Amino acid sequence: GSTDRRSFLSALRRELPEALKPLRASSIPAVDLAQAAIGPGMAIFSRYAKVTEPDGTPMRVRAALSMINEVLGEVLSEQEGDFDTDTRWCIKWFEQHQWEQAPFGEAELLANALNTSLSGLEDAGVVKARASKTELLKPEALRASYDAETDHRISVWTIAMHLLGVLEGKGAGSGIDAAGELLARARTRIDNDAVKELAYLLYSICERKGWSESGRWFNNLVSSWPDLQMAARAAEKQRGATASQSELSFGSGDEDEDQLF
């Protein structure tokens with residue numbers, strides 16, 4: 001049968017989130033997610049003989065695609081509530097200002113609204129707040145000596161930005177293996193999947209705003225995710241082997257000491 005615009009939108013909001021889960025779980029590149037969402041979205045549209053607009057005219061395919069993209073944005077944005085408060089502040093600030101400076105007072109109001117603090121964000125090393133201005137630090141501007149295991153204010157945003165800094169960096173201490181080592185140290189303290197979901201969300205924001213360079217970074221993080229997971233497992237295995245060897249060496253020393261006496 002036929003349906004109207006409101007019912008079609010309700011069906012999209014009800015069914016599209018579940019249809020997107022396997023796509024994101026497979027680490028489909030962020031740049032391809034909108035295209036991939038068309039399939040399940042149009043399957044809902046094609047279920048009906050006709051979808052009518054408020055004035056009674058048949059909905060065009062272009063309008064249906066626009067609604068699918070709109071609901072995709074909603075699905076990604078809904079996950080903001082699952083992130084820690086520092087990450088939520090960074091998402092909101094990024095969406096408004098990207099990496100540009102903006103008034104300190106505006107940043108402080110947003111921090112109060114999200115139950116976090118600018119001083120805490122600055123202490124975490126992701127924000128610079130000086131001379132009445134506030135800005136998010138780009139991945140390459142983050143401190144190179146970062147250790148996720150000792151970070152006293154760890155957040156999903158912090159790990160995502162440091163991963164980008166290592167992936168996009170040059171020379172020693174950069175690349176997939178180095179990023180995998182960082183992820184291995186972080187994965188006991190944060191949800192790995194949350195980092196990937198943040199990258200999807202930030203790419204969606206960049207695409208909507210026309211921020212191509214930042215969008216490329218976040219798409220690269222998603223696209224590299226399977227390799228990052230493999231590198232993280234290799235790093236964990238190596239650390240486990242090193243720890244076992246250290247224990248064996250320590251035990252051998254004890255035995256030698258016992259023999260001396």
# chains A, B, ... in the order shown; residues from 1 in each chain; ligands from 1

$ closest_atom_pairs --of "region 140-227 of chain A" --to "region 33-42 of chain A" --cutoff "12 Å" --atoms "only C-alpha atoms" --output "Markdown table"
| residue | atom | partner | partner_atom | distance |
| --- | --- | --- | --- | --- |
| A:Glu197 | CA | A:Leu33 | CA | 11.9 |
| A:Ala199 | CA | A:Leu33 | CA | 11.9 |
| A:Tyr200 | CA | A:Leu33 | CA | 8.5 |
| A:Leu201 | CA | A:Leu33 | CA | 10.8 |
| A:Tyr203 | CA | A:Leu33 | CA | 10.0 |
| A:Ser204 | CA | A:Ala34 | CA | 8.8 |
| A:Glu207 | CA | A:Ala34 | CA | 10.3 |
| A:Arg208 | CA | A:Ala34 | CA | 11.5 |
| A:Asn219 | CA | A:Leu33 | CA | 10.2 |
| A:Val222 | CA | A:Leu33 | CA | 10.7 |
| A:Ser223 | CA | A:Leu33 | CA | 11.3 |

$ write_last_selection --atoms "N, CA, C and O atoms" --output "compact mmCIF listing (two decimals), in the first residue's frame"
# COMPACT_ATOMS: atom_id res chain seq x y z
N GLU A 197 33.58 4.77 16.25
CA GLU A 197 32.30 5.45 16.09
C GLU A 197 32.47 6.96 16.12
O GLU A 197 31.79 7.70 15.39
N ALA A 199 35.10 8.52 15.01
CA ALA A 199 35.66 8.87 13.70
C ALA A 199 34.55 8.96 12.65
O ALA A 199 34.56 9.86 11.80
N TYR A 200 33.60 8.02 12.69
CA TYR A 200 32.46 8.08 11.76
C TYR A 200 31.68 9.38 11.95
O TYR A 200 31.31 10.05 10.98
N LEU A 201 31.40 9.72 13.21
CA LEU A 201 30.63 10.92 13.50
C LEU A 201 31.36 12.18 13.03
O LEU A 201 30.77 13.06 12.40
N TYR A 203 33.66 12.44 10.73
CA TYR A 203 33.68 12.50 9.27
C TYR A 203 32.35 13.05 8.75
O TYR A 203 32.32 13.86 7.82
N SER A 204 31.26 12.60 9.35
CA SER A 204 29.93 13.07 8.92
C SER A 204 29.81 14.59 9.10
O SER A 204 29.27 15.28 8.24
N GLU A 207 31.95 16.27 6.38
CA GLU A 207 31.31 16.19 5.07
C GLU A 207 30.20 17.24 4.96
O GLU A 207 30.06 17.91 3.92
N ARG A 208 29.44 17.39 6.02
CA ARG A 208 28.35 18.36 6.01
C ARG A 208 28.88 19.79 5.96
O ARG A 208 28.28 20.67 5.33
N ASN A 219 38.38 9.70 7.92
CA ASN A 219 38.14 8.57 7.04
C ASN A 219 39.33 7.61 7.06
O ASN A 219 39.16 6.39 7.03
N VAL A 222 39.14 5.36 10.17
CA VAL A 222 38.18 4.27 10.01
C VAL A 222 38.72 3.21 9.05
O VAL A 222 38.66 2.01 9.32
N SER A 223 39.27 3.67 7.92
CA SER A 223 39.77 2.74 6.90
C SER A 223 40.93 1.90 7.43
O SER A 223 41.12 0.76 7.01

$ residues_around --residues "region 104-119 of chain A" --least-positions-apart "4" --cutoff "12 Å" --atoms "only C-alpha atoms" --output "JSON, numbers by chain"
{"A": [80, 81, 83, 84, 85, 86, 87, 88, 89, 90, 91, 92, 93, 94, 96, 97, 123, 124, 125, 126, 127, 128, 129, 130, 131, 132, 133, 134, 135, 136, 153]}

$ write_last_selection --atoms "N, CA, C and O atoms" --output "compact mmCIF listing (two decimals), in the first residue's frame"
# COMPACT_ATOMS: atom_id res chain seq x y z
N GLU A 80 26.39 10.48 20.59
CA GLU A 80 27.11 11.45 21.42
C GLU A 80 26.86 11.20 22.90
O GLU A 80 27.76 11.36 23.73
N GLY A 81 25.64 10.82 23.24
CA GLY A 81 25.30 10.59 24.63
C GLY A 81 26.05 9.43 25.26
O GLY A 81 26.12 9.33 26.49
N PHE A 83 29.29 8.90 24.79
CA PHE A 83 30.68 9.27 25.00
C PHE A 83 30.86 9.93 26.37
O PHE A 83 29.90 10.42 26.98
N ASP A 84 32.10 9.98 26.83
CA ASP A 84 32.42 10.68 28.07
C ASP A 84 32.23 12.18 27.88
O ASP A 84 32.16 12.68 26.75
N THR A 85 32.15 12.91 28.98
CA THR A 85 31.82 14.34 28.90
C THR A 85 32.88 15.15 28.18
O THR A 85 32.56 16.10 27.44
N ASP A 86 34.15 14.82 28.35
CA ASP A 86 35.20 15.55 27.64
C ASP A 86 35.04 15.38 26.12
O ASP A 86 35.17 16.34 25.36
N THR A 87 34.77 14.16 25.70
CA THR A 87 34.59 13.89 24.27
C THR A 87 33.38 14.63 23.73
O THR A 87 33.41 15.19 22.62
N ARG A 88 32.31 14.65 24.50
CA ARG A 88 31.09 15.35 24.05
C ARG A 88 31.37 16.84 23.88
O ARG A 88 30.88 17.47 22.93
N TRP A 89 32.14 17.43 24.80
CA TRP A 89 32.48 18.85 24.66
C TRP A 89 33.27 19.06 23.38
O TRP A 89 33.01 19.99 22.61
N CYS A 90 34.27 18.21 23.14
CA CYS A 90 35.12 18.36 21.97
C CYS A 90 34.32 18.22 20.67
O CYS A 90 34.57 18.94 19.70
N ILE A 91 33.36 17.29 20.66
CA ILE A 91 32.52 17.12 19.46
C ILE A 91 31.73 18.40 19.18
O ILE A 91 31.70 18.90 18.05
N LYS A 92 31.09 18.93 20.22
CA LYS A 92 30.28 20.14 20.05
C LYS A 92 31.15 21.32 19.60
O LYS A 92 30.76 22.09 18.71
N TRP A 93 32.32 21.46 20.21
CA TRP A 93 33.20 22.58 19.87
C TRP A 93 33.74 22.41 18.45
O TRP A 93 33.80 23.37 17.69
N PHE A 94 34.10 21.19 18.10
CA PHE A 94 34.60 20.92 16.75
C PHE A 94 33.53 21.24 15.71
O PHE A 94 33.82 21.85 14.67
N GLN A 96 31.24 23.37 15.83
CA GLN A 96 31.03 24.81 15.71
C GLN A 96 32.25 25.54 15.15
O GLN A 96 32.10 26.50 14.38
N HIS A 97 33.46 25.09 15.51
CA HIS A 97 34.65 25.89 15.20
C HIS A 97 35.79 25.11 14.54
O HIS A 97 36.80 25.74 14.20
N ASP A 123 44.27 20.42 30.83
CA ASP A 123 45.15 19.49 31.52
C ASP A 123 45.27 18.17 30.76
O ASP A 123 46.31 17.52 30.76
N ALA A 124 44.17 17.77 30.10
CA ALA A 124 44.18 16.54 29.30
C ALA A 124 45.00 16.69 28.03
O ALA A 124 45.32 15.69 27.37
N GLY A 125 45.34 17.93 27.67
CA GLY A 125 46.21 18.16 26.53
C GLY A 125 45.52 18.23 25.19
O GLY A 125 46.17 18.09 24.14
N VAL A 126 44.20 18.44 25.17
CA VAL A 126 43.48 18.48 23.89
C VAL A 126 42.98 19.88 23.54
O VAL A 126 42.50 20.10 22.43
N VAL A 127 43.09 20.80 24.49
CA VAL A 127 42.57 22.16 24.30
C VAL A 127 43.63 23.17 24.71
O VAL A 127 44.41 22.93 25.64
N LYS A 128 43.65 24.29 24.02
CA LYS A 128 44.49 25.42 24.41
C LYS A 128 43.57 26.59 24.71
O LYS A 128 42.79 27.00 23.85
N ALA A 129 43.64 27.10 25.92
CA ALA A 129 42.79 28.22 26.34
C ALA A 129 43.69 29.33 26.86
O ALA A 129 44.18 29.27 27.98
N ARG A 130 43.92 30.33 26.04
CA ARG A 130 44.83 31.42 26.39
C ARG A 130 44.30 32.74 25.83
O ARG A 130 43.70 32.77 24.76
N ALA A 131 44.57 33.82 26.57
CA ALA A 131 44.28 35.18 26.10
C ALA A 131 42.85 35.33 25.59
O ALA A 131 42.62 35.85 24.50
N SER A 132 41.91 34.86 26.38
CA SER A 132 40.48 34.98 26.09
C SER A 132 40.03 34.18 24.87
O SER A 132 38.92 34.34 24.40
N LYS A 133 40.90 33.30 24.34
CA LYS A 133 40.56 32.48 23.19
C LYS A 133 40.74 30.99 23.53
O LYS A 133 41.56 30.63 24.35
N THR A 134 39.93 30.16 22.88
CA THR A 134 40.00 28.71 23.08
C THR A 134 40.05 28.03 21.73
O THR A 134 39.39 28.46 20.79
N GLU A 135 40.83 26.95 21.64
CA GLU A 135 40.89 26.18 20.41
C GLU A 135 41.20 24.72 20.72
O GLU A 135 41.88 24.40 21.70
N LEU A 136 40.68 23.82 19.88
CA LEU A 136 41.05 22.42 19.94
C LEU A 136 42.41 22.26 19.29
O LEU A 136 42.71 22.89 18.27
N ARG A 153 43.33 11.43 32.78
CA ARG A 153 42.06 11.98 32.30
C ARG A 153 41.82 11.48 30.87
O ARG A 153 41.58 12.24 29.95

$ residues_around --residues "region 50-56 of chain A" --least-positions-apart "4" --cutoff "7 Å" --atoms "only C-alpha atoms" --output "compact mmCIF listing (two decimals) with all heavy atoms, in the first residue's frame"
# COMPACT_ATOMS: atom_id res chain seq x y z
N SER A 2 0.19 2.37 0.16
CA SER A 2 0.89 3.66 0.17
C SER A 2 1.05 4.14 1.60
O SER A 2 0.42 3.65 2.53
CB SER A 2 0.09 4.68 -0.65
OG SER A 2 -1.18 4.90 -0.06
N THR A 3 1.93 5.13 1.77
CA THR A 3 2.15 5.74 3.08
C THR A 3 2.50 7.20 2.86
O THR A 3 2.69 7.64 1.72
CB THR A 3 3.26 5.01 3.85
OG1 THR A 3 3.27 5.46 5.21
CG2 THR A 3 4.64 5.27 3.22
N ASP A 4 2.59 7.95 3.94
CA ASP A 4 2.92 9.36 3.81
C ASP A 4 4.35 9.63 4.29
O ASP A 4 5.03 8.73 4.77
CB ASP A 4 1.92 10.24 4.58
CG ASP A 4 1.86 9.89 6.06
OD1 ASP A 4 2.77 9.19 6.56
OD2 ASP A 4 0.89 10.30 6.72
N ARG A 5 4.77 10.86 4.14
CA ARG A 5 6.15 11.25 4.47
C ARG A 5 6.49 10.96 5.92
O ARG A 5 7.57 10.44 6.22
CB ARG A 5 6.33 12.76 4.17
CG ARG A 5 7.74 13.27 4.42
CD ARG A 5 7.80 14.78 4.24
NE ARG A 5 9.16 15.27 4.37
CZ ARG A 5 10.02 15.43 3.37
NH1 ARG A 5 9.64 15.12 2.13
NH2 ARG A 5 11.23 15.88 3.58

$ select_by_dssp --residues "region 126-258 of chain A" --states "strand (DSSP E or B)" --output "ChimeraX atom specification"
/A:127-130,133-136

$ select_by_dssp --residues "region 36-189 of chain A" --states "helix (DSSP H, G or I)" --output "PyMOL selection string"
chain A and resi 36-46+61-82+85-97+104-113+118-123+139-141+156-168+176-186

$ closest_atom_pairs --of "region 188-229 of chain A" --to "region 156-176 of chain A" --cutoff "7 Å" --atoms "only C-alpha atoms" --output "CSV"
residue,atom,partner,partner_atom,distance
A:Ile190,CA,A:Val156,CA,6.8
A:Ala194,CA,A:Val156,CA,6.8
A:Val195,CA,A:Val156,CA,5.7
A:Trp217,CA,A:Leu164,CA,6.9
A:Leu221,CA,A:Leu164,CA,6.7
A:Leu228,CA,A:Ile176,CA,6.1
